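Colleague: Let me give you the structure first, and then I'll get to my questions.
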Amino acid sequence: MKKTFIFLLIAMAFTTHMYSQSIPNAGFENWVDANNANNWNSVNLLTIHSLQRTTDKYSGTYAAKISTQSFLGQTIPGIASLGNIDIANQAVSGGVPFTSKPISLKGYFKYTPVGNDSMLIAVILTRNSGGVKDTIGGGIFSVKTAVNNYTQFTLPIYYDQSISGNPDTLNIVLLSSAAMPFGVGTTLFVDDLTFDYSTEIKEVQAVDYKIFPNPAQDVVNISCKNSNSNLVLIYNITGQVVYNNSFNSPQFKINTADFKEGIYFVKIGSKIQKLIVKHNND
């Protein structure tokens, strides 16, 4: 009986670890120095430090300050990531070991954009299967207007239902500038990140446009409620803009034939919807 009880305790502890993992240094309290937070990577080029420690926080002692800066005539978007950053190709990869499936990422942020800049927070959950990296799930949160006081955000995490099993790697990307033209001086503050493991996914936002078919193969149709100029941004799972165009019609088509298969996010105005691209290889 005693052995059975101990086994149950171990099983419960293992289950909790597997399905309720937390984010390393989620409150940005631990720093190596003023420009290097524990567990987070950023861009450091001579006088350029895209991630900085700040006492302008939501709670605790410190928060993260991510800012867009100019270096040798080039505008460098502010970025922080749990994974590796390839600034030359504006890409991120890798991350930290992670085997859970949270339904959303929450946290607090402030934002001061310059020009028409927009910020972005992305979650990427992947798994290595036989040397091939599968994207299990992900999501983005994006804002282009000023947010002067710390405000809570909720980023829903979507999962590819065609891929079974749990992830093995987590990456979170924080971008002060997500869509060109980048504004030098644009600043994003982030604090107190946390995952939500609730069993019930709540509706986060009502959208005023439809995308179909979804999954899409070579073409996706978009139908909007208004006929005003609609700026359409499509992000890939790492938060990169792969499509940027404006339409003056309530209905239009977008060619997705050259998109890689996977999860994308369509943003029109302040509303975001998930798009899955699956090509017919028969």
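In the structure tokens, the first chain shown is A, the next is B, and so on; residue numbers restart at 1 for each chain, and ligands run from 1 in the order shown.
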Give me the residues within 7 Å of Val123 of chain A as a list in words, counting only C-alpha atoms and dropping any in the same chain fewer than 5 places off.
Modeller: Gly138, Gly139, Ile140, Asn171, Ile172 and Val173 of chain A
Colleague: Restricted to N, CA and C atoms, what would the selected residues look like written as a JSON list (two decimals), in the first residue's frame?
Modeller:
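Ended up saving to selection_20.json:
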[["chain", "number", "residue", "atom", "x", "y", "z"],
["A", 138, "GLY", "N", 1.09, 27.31, -32.02],
["A", 138, "GLY", "CA", 1.64, 28.65, -31.84],
["A", 138, "GLY", "C", 0.55, 29.70, -31.89],
["A", 139, "GLY", "N", 0.96, 30.94, -31.75],
["A", 139, "GLY", "CA", 0.01, 32.04, -31.81],
["A", 139, "GLY", "C", 0.75, 33.37, -31.76],
["A", 140, "ILE", "N", 0.05, 34.45, -32.10],
["A", 140, "ILE", "CA", 0.66, 35.78, -32.05],
["A", 140, "ILE", "C", -0.31, 36.77, -31.42],
["A", 171, "ASN", "N", 9.49, 28.31, -27.88],
["A", 171, "ASN", "CA", 10.13, 29.59, -28.12],
["A", 171, "ASN", "C", 9.08, 30.69, -27.98],
["A", 172, "ILE", "N", 9.45, 31.76, -27.33],
["A", 172, "ILE", "CA", 8.64, 32.98, -27.25],
["A", 172, "ILE", "C", 9.47, 34.11, -27.83],
["A", 173, "VAL", "N", 8.87, 34.87, -28.74],
["A", 173, "VAL", "CA", 9.57, 35.99, -29.39],
["A", 173, "VAL", "C", 8.85, 37.28, -29.06]]
Colleague: Excluding Asn255 of chain A and its own-chain neighbours fewer than 6 positions away, which residues fall within 10 Å of it when counting only C-alpha atoms? Please give them as JSON, numbers by chain.
Modeller: {"A": [216, 217, 218, 219, 220, 221, 243]}
Colleague: Taking C-alpha atoms for each residue, export the selection above as an mmCIF file, in the first residue's frame.
Modeller:
data_model
loop_
_atom_site.group_PDB
_atom_site.id
_atom_site.type_symbol
_atom_site.label_atom_id
_atom_site.label_comp_id
_atom_site.auth_asym_id
_atom_site.auth_seq_id
_atom_site.Cartn_x
_atom_site.Cartn_y
_atom_site.Cartn_z
ATOM 1 C CA ALA A 216 -6.187 26.467 -47.735
ATOM 2 C CA GLN A 217 -4.179 24.963 -50.565
ATOM 3 C CA ASP A 218 -3.266 27.438 -53.305
ATOM 4 C CA VAL A 219 -5.783 30.240 -52.683
ATOM 5 C CA VAL A 220 -7.527 31.698 -49.643
ATOM 6 C CA ASN A 221 -10.624 33.902 -49.914
ATOM 7 C CA TYR A 243 2.253 38.912 -46.873
#
Colleague: Go through segment 33-272 of chain A and collect every residue that DSSP, computed from the backbone, puts in strand (DSSP E); the answer should be as a PyMOL selection string.
Modeller: chain A and resi 33+36-37+41-42+44-45+48-49+51-54+63-67+69-71+74-76+79-81+84-86+91-93+96-97+104-112+119-129+132-143+147-156+158-159+169-175+187-196+209-212+219-224+230-235+241-247+251-255+262-268+271-272
Colleague: At a cut-off of 12 Å, using only C-alpha atoms, what residues contact Thr194 of chain A? Leave out same-chain residues fewer than 3 positions from it and give the result as an MDAnalysis selection string.
Modeller: chainID A and resid 20:28 102:108 123 152:155 172 190:191 197
Colleague: Quick one: pull the distance between atom CA of Ile222 of chain A and atom CA of Gly137 of chain A, Å, one decimal.
Modeller: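 So the answer is 22.9 Å.
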Colleague: Would you give me, as CSV, each residue of segment 148-171 of chain A having an atom within 10 Å of an atom of segment 54-64 of chain A, along with its shortest atom pair and that distance in Å to one decimal, using only C-alpha atoms and sorting by chain and residue number?
Modeller:
residue,atom,partner,partner_atom,distance
A:Asn149,CA,A:Tyr58,CA,9.1
A:Tyr150,CA,A:Tyr58,CA,6.3
A:Thr151,CA,A:Tyr58,CA,8.9
A:Gln152,CA,A:Tyr58,CA,9.9
Colleague: Please produce an output containing N, CA and C atoms for each residue in the selection, written as a short mmCIF file (atom, residue, chain, number, x, y, z; two decimals), in the first residue's frame.
Modeller:
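Saved to part20.cif:
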data_model
loop_
_atom_site.label_atom_id
_atom_site.label_comp_id
_atom_site.auth_asym_id
_atom_site.auth_seq_id
_atom_site.Cartn_x
_atom_site.Cartn_y
_atom_site.Cartn_z
N ASN A 149 -0.12 52.55 -20.37
CA ASN A 149 -0.03 51.92 -19.06
C ASN A 149 0.01 50.41 -19.22
N TYR A 150 0.64 49.74 -18.26
CA TYR A 150 0.70 48.29 -18.33
C TYR A 150 -0.70 47.70 -18.45
N THR A 151 -0.88 46.88 -19.48
CA THR A 151 -2.19 46.30 -19.80
C THR A 151 -2.01 44.79 -20.03
N GLN A 152 -2.94 44.02 -19.53
CA GLN A 152 -2.84 42.58 -19.72
C GLN A 152 -3.22 42.19 -21.15
#
Colleague: In Å, how far is it from atom CA of Asn226 of chain A to atom CA of Pro250 of chain A?
Modeller: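 Atom-to-atom, atom CA of Asn226 of chain A and atom CA of Pro250 of chain A are spaced 5.7 Å apart.
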Colleague: Between A:Leu82, A:Ser142, A:Leu188, A:Phe212, which one has atoms that come closest to Gln240 of chain A, using only C-alpha atoms?
Modeller: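 Nearest to Gln240 of chain A: A:Ser142.
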Colleague: From the options A:Ser67, A:Gln251, A:Asn35, A:Asn41, which residue's atoms come nearest to Phe189 of chain A, counting only C-alpha atoms?
Modeller: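 Between A:Ser67, A:Gln251, A:Asn35, A:Asn41, the residue approaching Phe189 of chain A most closely is A:Ser67.
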Colleague: Can you tell me how far atom CA of Lys253 of chain A sits from atom CA of Gly115 of chain A, in Å to one decimal?
Modeller: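 We find that atom CA of Lys253 of chain A and atom CA of Gly115 of chain A lie 28.7 Å from each other.
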